[in-house]
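Just below is one structure, and these are the notes that go with it.
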Amino acid sequence: MSSSDFRYRVAVLGATGLVGRTMIQVLEERNFPVDELVPLASPRSAGQIVRFKGREFITAVPSGEIFRNVDIALFSAGASASREWAPVAAAAGAVVIDNSSAFRMEPGIPLVVPEVNPEAIFKADGTPESIIANPNCSTIQMVVVLKPLHDRYGVKRVVVSTYQSVTGKGKAGRDALESELAGEEQEQFTHFHQIAFNAVPQIDTFTENGYTKEEMKMVNETRKIMGDEALAVSPTTVRIPVYGGHGESLNIELENEFDIDELRTLLASSPGILLQDDPSARIYPMPLTSYERDEVFAGRIRRDFWNPKTLNMWIVADNLRKGAATNAVQIAEVIAARQKEA
């Protein structure tokens with residue numbers, strides 16, 4: 001496709017899942033220049049109908065032939081599917097933006113949040129990398145907030161506790177909560193324990209160091225995205241019974257002193273952040289606040305009692321959108337903007 005056309009044949013692998021459907025929704029809402037949509041799914045889900053801009057599309061199974069004329073491929077079908085099909089799509093000439101964990105920590109594959117490190121999308125010659133990884137949902141919203149703070153004050157250490165919605169586990173996570181609320185007995189708990197009326201301090205499996213894989217994602221991915229291997233991240237990740245929107249309590253130790261009002265102004269003027277910080281009026285971020293929104297909402301900003309260079313804050317983002325689908329589409333938008341300028 002010539003750069004003068006600026007319309008793209010976009011494939012979505014995992015098009016029938018929660019994130020895949022949200023990707024298609026976000027492509028339409030943000031008016032990404034889609035010339036043709038190619039929805040793809042597993043053989044079990046192939047044949048289902050997805051809708052885009054008033055049209056109906058039938059999902060197909062992925063193949064090398066299908067990817068041959070695809071410009072951008074958004075993947076959200078799990079790590080095994082990504083490992084199988086991302087190299088195939090890339091070899092066929094598509095730029096793969098992968099939402100799974102398959103390539104996030106692979107050397108040479110960029111891990112991108114557009115508000116933080118958009119330059120990582122491109123090679124030295126200005127062309128996009130063939131495979132670009134989308135970070136974990138809980139990592140994305142945190143680094144959007146850390147970026148302006150790191151640039152202005154230097155971030156030394158972050159202690160983060162997450163309050164993550166059941167849709168972080170996809171449709172199965174949502175269905176599990178709904179069935180439990182309906183009083184249906186579970187033979188095997190999707191969230192390791194009952195999630196209804198509960199909070200489960202385990203997301204993914206535990207590693208030998210006592211942290212879960214989800215927690216280690218936040219450690220390792222944050223360092224890679226921020227380009228700072230010395231950045232200390234101490235996480236605890238918790239699943240809670242809400243349908244959408246991840247909350248995070250952050251304790252951020254800075255290298256330099258800060259004025260709290262200046263810091264609020266900095267965050268309010270930074271891309272991707274919407275400040276909601278008026279406790280006297282009971283204005284602060286909540287999962288319902290973030291529903292169907294693309295911003296990271298920040299509030300409850302206050303100086304730590306015991307360390308004057310440390311602040312506490314609370315952030316929330318829609319995990320299906322900014323935590324997954326929107327971030328992927330934003331990466332595609334950066335690519336489209338660069339090609340338009342060429």
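Please note that chains go A, B, ... in the order of the structure tokens, that every chain numbers its residues from 1, and that ligands are numbered from 1 in the order shown.
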
Neighbour list for Ser165 in chain A as a PyMOL selection string, cut-off 12 Å, only C-alpha atoms, skip fewer than 3 positions in-chain:
chain A and resi 137-138+162+168-171+173-174+176-177+191+195-196+198-200+203+237-248+286-288+290-291+316-320+323

Can you list, as a VMD selection string, all residues belonging to range 98-321 of chain A that DSSP tags as helix (DSSP H, G or I)?
chain A and resid 118 to 121 137 to 152 166 to 169 171 to 181 213 to 226 260 to 268 279 to 281 287 to 290 321

Using only C-alpha atoms, I'd like a table of the residues in range 65-128 of chain A that come within 7 Å of range 325-334 of chain A; for each, show the closest atom pair and its distance in Å rounded to one decimal, ordered by chain and ascending number, as a tab-separated table.
residue	atom	partner	partner_atom	distance
A:Ile97	CA	A:Ala328	CA	6.3
A:Val113	CA	A:Asn327	CA	6.6
A:Pro114	CA	A:Ile331	CA	6.1

May I have the residues from that selection written out with all heavy atoms, as a short mmCIF file (atom, residue, chain, number, x, y, z; two decimals), in the first residue's frame?
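Everything below was put into out_20.cif:
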data_model
loop_
_atom_site.label_atom_id
_atom_site.label_comp_id
_atom_site.auth_asym_id
_atom_site.auth_seq_id
_atom_site.Cartn_x
_atom_site.Cartn_y
_atom_site.Cartn_z
N ILE A 97 0.76 -6.21 16.21
CA ILE A 97 0.68 -5.58 17.53
C ILE A 97 0.01 -6.61 18.43
O ILE A 97 -1.18 -6.87 18.32
CB ILE A 97 -0.11 -4.27 17.48
CG1 ILE A 97 0.53 -3.31 16.46
CG2 ILE A 97 -0.16 -3.62 18.87
CD1 ILE A 97 -0.29 -2.07 16.17
N VAL A 113 3.96 1.68 25.20
CA VAL A 113 2.81 2.49 25.61
C VAL A 113 3.02 3.84 24.92
O VAL A 113 4.01 4.53 25.22
CB VAL A 113 2.73 2.66 27.14
CG1 VAL A 113 1.57 3.58 27.53
CG2 VAL A 113 2.57 1.30 27.81
N PRO A 114 2.14 4.24 24.00
CA PRO A 114 2.42 5.43 23.18
C PRO A 114 2.69 6.70 23.96
O PRO A 114 3.45 7.55 23.49
CB PRO A 114 1.16 5.55 22.31
CG PRO A 114 0.70 4.14 22.15
CD PRO A 114 0.96 3.50 23.49
#

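Excluding Ile335 in chain A and any residue on its chain fewer than 5 positions from it, the residues at most 10 Å away by only C-alpha atoms are Ile72, Val95, Pro118, Ile121, Phe122, Gly126, Thr127, Pro128, Glu129, Val329, Gln330 and Lys340 of chain A.
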
Please run DSSP on the backbone and report, as a list of chain:residue names, all residues within range 55-174 of chain A that come out as strand (DSSP E).
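The strand (DSSP E) residues within range 55-174 of chain A come out as A:Arg55, A:Glu56, A:Phe57, A:Ile58, A:Ile72, A:Ala73, A:Leu74, A:Phe75, A:Val95, A:Val96, A:Ile97, A:Asp98, A:Ile131, A:Ile132, A:Ala133, A:Val155, A:Lys156, A:Arg157, A:Val158, A:Val159, A:Val160, A:Ser161, A:Thr162, A:Tyr163, A:Gln164.
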
CA of Asn251 in chain A to CA of Thr310 in chain A, straight-line distance in Å
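So the two atoms, CA of Thr310 in chain A and CA of Asn251 in chain A, lie 6.9 Å apart.
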
Got a sec: who's within 10 Å of Ile66 in chain A, counting only C-alpha atoms, leaving out chain neighbours fewer than 2 positions off, as a tab-separated table (two decimals) with all heavy atoms, in the first residue's frame?
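Full text of part_8.tsv as output:
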chain	number	residue	atom	x	y	z
A	11	ALA	N	-6.22	-6.86	10.30
A	11	ALA	CA	-6.69	-8.13	10.82
A	11	ALA	C	-6.77	-8.05	12.34
A	11	ALA	O	-5.94	-7.40	12.99
A	11	ALA	CB	-5.76	-9.26	10.40
A	38	VAL	N	-10.40	-7.71	8.74
A	38	VAL	CA	-10.25	-9.16	8.58
A	38	VAL	C	-10.33	-9.78	9.97
A	38	VAL	O	-9.32	-9.91	10.68
A	38	VAL	CB	-8.92	-9.52	7.90
A	38	VAL	CG1	-8.83	-11.03	7.66
A	38	VAL	CG2	-8.75	-8.76	6.60
A	40	LEU	N	-10.41	-12.64	12.70
A	40	LEU	CA	-9.90	-14.00	12.76
A	40	LEU	C	-10.12	-14.57	14.15
A	40	LEU	O	-10.12	-13.85	15.14
A	40	LEU	CB	-8.40	-14.03	12.43
A	40	LEU	CG	-7.99	-13.43	11.08
A	40	LEU	CD1	-6.47	-13.33	10.98
A	40	LEU	CD2	-8.54	-14.26	9.93
A	60	ALA	N	-12.85	-15.78	10.29
A	60	ALA	CA	-12.18	-16.91	9.65
A	60	ALA	C	-11.04	-17.39	10.53
A	60	ALA	O	-10.67	-16.73	11.50
A	60	ALA	CB	-11.65	-16.48	8.28
A	61	VAL	N	-10.50	-18.54	10.21
A	61	VAL	CA	-9.32	-19.02	10.92
A	61	VAL	C	-8.08	-18.42	10.28
A	61	VAL	O	-8.06	-18.14	9.07
A	61	VAL	CB	-9.24	-20.57	10.90
A	61	VAL	CG1	-10.38	-21.19	11.67
A	61	VAL	CG2	-9.21	-21.09	9.48
A	62	PRO	N	-7.04	-18.15	11.05
A	62	PRO	CA	-5.83	-17.55	10.47
A	62	PRO	C	-5.11	-18.51	9.54
A	62	PRO	O	-5.16	-19.74	9.71
A	62	PRO	CB	-4.98	-17.22	11.71
A	62	PRO	CG	-5.46	-18.16	12.77
A	62	PRO	CD	-6.92	-18.36	12.51
A	63	SER	N	-4.43	-17.93	8.57
A	63	SER	CA	-3.61	-18.72	7.64
A	63	SER	C	-2.56	-17.79	7.03
A	63	SER	O	-2.72	-16.56	7.05
A	63	SER	CB	-4.47	-19.32	6.52
A	63	SER	OG	-4.96	-18.31	5.66
A	64	GLY	N	-1.52	-18.37	6.50
A	64	GLY	CA	-0.50	-17.57	5.84
A	64	GLY	C	-1.06	-16.78	4.68
A	64	GLY	O	-0.66	-15.64	4.44
A	68	ARG	N	-1.31	-12.36	3.92
A	68	ARG	CA	-0.46	-11.89	2.84
A	68	ARG	C	-0.72	-10.43	2.47
A	68	ARG	O	0.19	-9.70	2.13
A	68	ARG	CB	-0.63	-12.79	1.61
A	68	ARG	CG	0.36	-12.51	0.49
A	68	ARG	CD	0.42	-13.67	-0.48
A	68	ARG	NE	0.92	-14.88	0.19
A	68	ARG	CZ	0.86	-16.10	-0.35
A	68	ARG	NH1	0.29	-16.27	-1.54
A	68	ARG	NH2	1.35	-17.13	0.30
A	69	ASN	N	-1.97	-9.99	2.53
A	69	ASN	CA	-2.30	-8.62	2.15
A	69	ASN	C	-2.70	-7.75	3.34
A	69	ASN	O	-3.30	-6.69	3.16
A	69	ASN	CB	-3.43	-8.62	1.12
A	69	ASN	CG	-3.02	-9.27	-0.19
A	69	ASN	OD1	-1.94	-8.99	-0.71
A	69	ASN	ND2	-3.86	-10.15	-0.71
A	70	VAL	N	-2.39	-8.21	4.55
A	70	VAL	CA	-2.72	-7.45	5.76
A	70	VAL	C	-1.60	-6.46	6.06
A	70	VAL	O	-0.42	-6.78	5.98
A	70	VAL	CB	-2.92	-8.41	6.95
A	70	VAL	CG1	-2.93	-7.66	8.27
A	70	VAL	CG2	-4.22	-9.19	6.77
A	89	ALA	N	2.47	-13.88	10.23
A	89	ALA	CA	1.93	-12.60	9.78
A	89	ALA	C	3.04	-11.62	9.47
A	89	ALA	O	2.99	-10.89	8.45
A	89	ALA	CB	0.99	-12.03	10.84
A	92	ALA	N	4.71	-12.32	6.27
A	92	ALA	CA	3.85	-11.96	5.14
A	92	ALA	C	3.80	-10.46	4.90
A	92	ALA	O	3.18	-10.01	3.93
A	92	ALA	CB	2.44	-12.50	5.37

Expressed in Å, the length from CA of Gly47 in chain A to CA of Val10 in chain A is 18.0 Å

Asn134 in chain A surroundings by only C-alpha atoms, 6 Å radius, close-in-sequence under 6 positions cut, as an MDAnalysis selection string
chainID A and resid 98:99 111:112

Using only C-alpha atoms, please write the residues we just selected to a file, as a short mmCIF file (atom, residue, chain, number, x, y, z; two decimals), in the first residue's frame.
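Produced file part.cif, reproduced below:
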data_model
loop_
_atom_site.label_atom_id
_atom_site.label_comp_id
_atom_site.auth_asym_id
_atom_site.auth_seq_id
_atom_site.Cartn_x
_atom_site.Cartn_y
_atom_site.Cartn_z
CA ASP A 98 0.39 -8.38 20.05
CA ASN A 99 -1.61 -8.15 23.26
CA LEU A 111 7.10 -3.12 24.49
CA VAL A 112 5.14 0.05 23.90
#
